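> Take a look at this one; I'll ask things after.
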Amino acid sequence: MKKLLLLGLVLSLFFSCQNKPQRYFAESAETATLKAGIAAYESGDWDTWRSYFIDTAKIYVNSIKPVGLDERAKDLAGMTSAMSSYGFNHDKEYIEMVIDKEDETWVYYWATHIGTFAATNKELSMPVHLAVQFVDGKIAEEHVYFDATTMNTEFAAVAAMTDNDKTIMESINTFIDEFLNKKDSNSLNNLLAEDYSRYINDEKVASGAEELRTSIDPFFKGFSDFNIELLHTSTIVNNAIFVHWKMTGTHDGTFAETEATGNKVSVNGLSRLQYNDEAKLVMEHIYFDQLSVMTQIGKTLN
């Protein structure tokens, strides 16, 4: 008799658990909505971003004091406008939906946010946690948590930059992105001073825009996918700045009298750039291991 009672109790507990409503979800309409809102944020589509919230949504950003939807959209647009690129690392993100004991629907999101400041080229990575309450399929409340210390410091540094410093940083980006990586020689028109000169490992290789185009042309012809990646920049002091960069490319054309080998080439370098008071580039001193490039394309020393 006791065994029958015990069996009945076990079965009762089993069916009770089976009938318990599901409260945890790895995927749901709400998690999909939050992901869509994040995508709208990353593309700067603020109208679409707003569409996922109710009009009276309350948003808490590292605070117990909420802001409204209009204020939050304005803050995000202002922040992201200072970035040359920004977004979350979707390879390492985590999202879940939970119906809590009060039957409220919450979606939790964890990921690393990565952004690069346009004015300084400084990249910041910040872990971010979102706790988002949904009502009738839309966001009614959002809590945003992250360590803003480094980001605020960088915004302060950008605010302290002179207009000339900002123009210099824009000039560097244009020089790399348009002239070097897209091979658009017309982009040089407003970047160089009349007395511009370029040195590579202390050897003068160009004076003026035309000689610069001539000196860089062998790299363009030798490596059709020639690319310069900006790794780091120093603070601008007296219109001078140090730039740490990486050059990559595939040796698919003749370079240094060596026929195409198909070899991949990668080399780091450092440049000291001197600008004038009009933010025009006056002088480049470029340092990199030329022997490494020759070795990587298979050229040997006799």
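Chain lettering (A, B, ...) mirrors the order of the structure tokens, residue numbering begins at 1 for each chain separately, and ligand numbering begins at 1 in order of display.
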Please provide the set of residues having any atom within 9 Å of stretch 224-239 of chain A, restricted to only C-alpha atoms, with same-chain residues fewer than 6 positions apart removed, written as a list in words.

Thr120, Asn121, Lys122, Glu123, Met161, Asn164, Asp165, Ile168, Asn173, Ile176, Asp177, Leu180, Asn181, Lys182, Trp245, Lys246, Met247, Thr248, Gly249, Thr250, His251, Asp252, Gly253, Leu273, Gln274, Tyr275, Asn276, Asp277 and Ala279 of chain A

> Using the chain letters and numbers from this document, which residues of stretch 66-233 of chain A does DSSP assign to strand (DSSP E or B), as a ChimeraX atom specification?

/A:67,83-88,94-99,105-117,123-135,138-145,192-200,203-207,223,227-233

> Between A:Thr112, A:Thr162, A:Gln296, A:Thr258, which is the closest to A:Asp91 once you count only C-alpha atoms?

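The closest residue to A:Asp91 is A:Thr112.
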
> Mind giving me the straight-line distance from atom CA of A:Ile200 to atom CA of A:Lys280 in Å, one decimal?

19.3 Å

> Show me, as a PyMOL selection string, the residues that have an atom within 10 Å of A:Arg23 when counting only C-alpha atoms, minus same-chain residues fewer than 4 positions from it.

chain A and resi 97-101+103+105

> If you keep all heavy atoms, can you produce a file of those selected residues as a short mmCIF file (atom, residue, chain, number, x, y, z; two decimals), in the first residue's frame?


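Wrote it out as out26.cif, contents follow:
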```cif
data_model
loop_
_atom_site.label_atom_id
_atom_site.label_comp_id
_atom_site.auth_asym_id
_atom_site.auth_seq_id
_atom_site.Cartn_x
_atom_site.Cartn_y
_atom_site.Cartn_z
N MET A 97 14.67 35.20 -23.01
CA MET A 97 13.43 35.81 -22.52
C MET A 97 12.95 35.04 -21.31
O MET A 97 12.99 33.81 -21.28
CB MET A 97 12.34 35.80 -23.59
CG MET A 97 11.10 36.60 -23.18
SD MET A 97 9.76 36.52 -24.40
CE MET A 97 8.92 35.02 -23.85
N VAL A 98 12.48 35.79 -20.30
CA VAL A 98 12.00 35.20 -19.05
C VAL A 98 10.66 35.82 -18.70
O VAL A 98 10.49 37.04 -18.78
CB VAL A 98 13.00 35.42 -17.90
CG1 VAL A 98 12.43 34.93 -16.59
CG2 VAL A 98 14.32 34.72 -18.19
N ILE A 99 9.72 34.98 -18.31
CA ILE A 99 8.47 35.45 -17.71
C ILE A 99 8.64 35.30 -16.21
O ILE A 99 8.74 34.18 -15.69
CB ILE A 99 7.25 34.66 -18.22
CG1 ILE A 99 7.14 34.80 -19.74
CG2 ILE A 99 5.98 35.15 -17.55
CD1 ILE A 99 6.03 33.98 -20.36
N ASP A 100 8.69 36.43 -15.49
CA ASP A 100 9.03 36.37 -14.08
C ASP A 100 7.83 35.97 -13.23
O ASP A 100 6.73 35.69 -13.75
CB ASP A 100 9.63 37.71 -13.61
CG ASP A 100 8.65 38.86 -13.66
OD1 ASP A 100 7.44 38.62 -13.76
OD2 ASP A 100 9.11 40.02 -13.58
N LYS A 101 8.01 35.95 -11.91
CA LYS A 101 6.97 35.48 -10.99
C LYS A 101 5.75 36.38 -10.98
O LYS A 101 4.67 35.98 -10.50
CB LYS A 101 7.55 35.34 -9.60
CG LYS A 101 8.04 36.63 -8.97
CD LYS A 101 8.64 36.39 -7.60
CE LYS A 101 9.14 37.69 -6.98
NZ LYS A 101 9.73 37.46 -5.64
N ASP A 103 4.60 37.52 -13.76
CA ASP A 103 4.11 37.33 -15.13
C ASP A 103 4.46 38.49 -16.05
O ASP A 103 3.78 38.75 -17.05
CB ASP A 103 2.59 37.09 -15.15
CG ASP A 103 2.23 35.72 -14.61
OD1 ASP A 103 3.04 34.78 -14.79
OD2 ASP A 103 1.16 35.59 -14.00
N THR A 105 7.09 40.06 -18.82
CA THR A 105 7.96 39.50 -19.86
C THR A 105 9.20 40.36 -19.98
O THR A 105 9.13 41.56 -20.29
CB THR A 105 7.22 39.46 -21.21
OG1 THR A 105 6.06 38.63 -21.09
CG2 THR A 105 8.13 38.89 -22.29
#
```

> Mind giving me the straight-line distance from atom CA of A:Ile286 to atom CA of A:Arg272 in Å, one decimal?

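About the pair atom CA of A:Ile286 and atom CA of A:Arg272: they are 6.6 Å apart.
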
> For atom CA of A:Val205 and atom CA of A:Lys264, determine how far apart the two atoms are, in Å to one decimal place.

25.0 Å

> Where does DSSP see helix (DSSP H, G or I) in stretch 131-276 of chain A, if you list the residues as a VMD selection string?

chain A and resid 149 to 160 163 to 181 185 to 190 208 to 222

> Store the residues picked out above, limited to C-alpha atoms, as a compact mmCIF listing (two decimals), in the first residue's frame.


```txt
# COMPACT_ATOMS: atom_id res chain seq x y z
CA THR A 149 34.26 55.82 -17.77
CA THR A 150 36.49 55.26 -20.80
CA MET A 151 33.88 56.46 -23.28
CA ASN A 152 33.29 59.68 -21.35
CA THR A 153 37.03 60.28 -21.16
CA GLU A 154 37.33 59.89 -24.92
CA PHE A 155 34.39 62.23 -25.57
CA ALA A 156 36.10 64.79 -23.34
CA ALA A 157 39.32 64.39 -25.34
CA VAL A 158 37.43 64.90 -28.60
CA ALA A 159 35.73 67.99 -27.20
CA ALA A 160 39.14 69.40 -26.22
CA ASP A 163 39.25 72.45 -35.13
CA ASN A 164 42.65 72.11 -36.81
CA ASP A 165 43.32 68.83 -34.98
CA LYS A 166 39.95 67.46 -36.07
CA THR A 167 40.68 68.46 -39.67
CA ILE A 168 44.05 66.70 -39.46
CA MET A 169 42.37 63.48 -38.33
CA GLU A 170 39.85 63.75 -41.15
CA SER A 171 42.74 64.30 -43.57
CA ILE A 172 44.51 61.15 -42.34
CA ASN A 173 41.36 59.09 -42.81
CA THR A 174 40.84 60.46 -46.32
CA PHE A 175 44.48 59.86 -47.24
CA ILE A 176 44.28 56.22 -46.14
CA ASP A 177 40.74 55.33 -47.20
CA GLU A 178 40.46 57.23 -50.46
CA PHE A 179 43.99 57.62 -51.82
CA LEU A 180 45.78 54.50 -50.57
CA ASN A 181 42.99 51.94 -50.29
CA SER A 185 44.52 60.13 -56.74
CA ASN A 186 42.04 63.03 -56.97
CA SER A 187 41.54 62.78 -53.21
CA LEU A 188 45.00 64.32 -52.74
CA ASN A 189 43.91 67.67 -54.16
CA ASN A 190 43.04 69.26 -50.82
CA GLY A 208 54.63 67.21 -54.32
CA ALA A 209 51.50 65.30 -55.26
CA GLU A 210 52.68 64.07 -58.66
CA GLU A 211 55.86 62.48 -57.32
CA LEU A 212 53.83 60.94 -54.49
CA ARG A 213 51.53 59.29 -57.02
CA THR A 214 54.55 58.02 -58.95
CA SER A 215 56.26 56.65 -55.84
CA ILE A 216 53.19 54.74 -54.66
CA ASP A 217 52.22 53.38 -58.08
CA PRO A 218 54.55 50.31 -57.90
CA PHE A 219 52.68 49.17 -54.77
CA PHE A 220 49.32 49.62 -56.50
CA LYS A 221 50.51 47.62 -59.54
CA GLY A 222 52.28 44.94 -57.51
```

> My list of candidates is A:Leu69, A:Ile139, A:Ile95, A:Val61. Which is closest to A:Ala111 when distances are computed with only C-alpha atoms?

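Smallest distance to A:Ala111 is found for A:Ile95.
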
> Considering only C-alpha atoms, state which residue in the set A:Asn263, A:Tyr60, A:Ala118, A:Lys20 is at the smallest distance from A:Thr295.

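The shortest atom-to-atom distance to A:Thr295 comes from A:Asn263.
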
> Of the candidates A:Ala260, A:Ala29, A:Ala77, A:Leu281, which shows the shortest atom-to-atom distance to A:Asp45, using only C-alpha atoms?

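Result for the nearest residue to A:Asp45: A:Ala77.
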
> Which residues are near A:Tyr86? Cut-off 8 Å, only C-alpha atoms, ignore same chain within fewer than 6 positions. Put them as a PyMOL selection string.

chain A and resi 42+80+113-116

> For those residues, write N, CA, C and O atoms to a file as a short mmCIF file (atom, residue, chain, number, x, y, z; two decimals), in the first residue's frame.


```cif
data_model
loop_
_atom_site.label_atom_id
_atom_site.label_comp_id
_atom_site.auth_asym_id
_atom_site.auth_seq_id
_atom_site.Cartn_x
_atom_site.Cartn_y
_atom_site.Cartn_z
N GLU A 42 22.26 49.98 -35.02
CA GLU A 42 23.56 49.87 -35.68
C GLU A 42 23.57 50.53 -37.05
O GLU A 42 24.62 50.95 -37.54
N THR A 80 26.52 58.25 -31.71
CA THR A 80 26.96 57.48 -32.87
C THR A 80 27.47 58.36 -34.01
O THR A 80 28.26 57.91 -34.83
N HIS A 113 30.05 45.92 -27.02
CA HIS A 113 29.84 47.00 -27.98
C HIS A 113 31.20 47.55 -28.39
O HIS A 113 32.05 47.86 -27.55
N ILE A 114 31.43 47.67 -29.70
CA ILE A 114 32.71 48.15 -30.22
C ILE A 114 32.45 49.39 -31.07
O ILE A 114 31.61 49.37 -31.97
N GLY A 115 33.16 50.46 -30.76
CA GLY A 115 33.00 51.69 -31.53
C GLY A 115 34.33 52.38 -31.75
O GLY A 115 35.22 52.31 -30.90
N THR A 116 34.47 53.05 -32.89
CA THR A 116 35.69 53.79 -33.21
C THR A 116 35.35 55.26 -33.36
O THR A 116 34.48 55.62 -34.16
#
```

> So, with only C-alpha atoms as the atoms that count, which of A:Ile59, A:Met79, A:Ile54, A:Ile297 lies closest to A:Tyr41?

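That would be A:Met79, the residue with the smallest distance to A:Tyr41.
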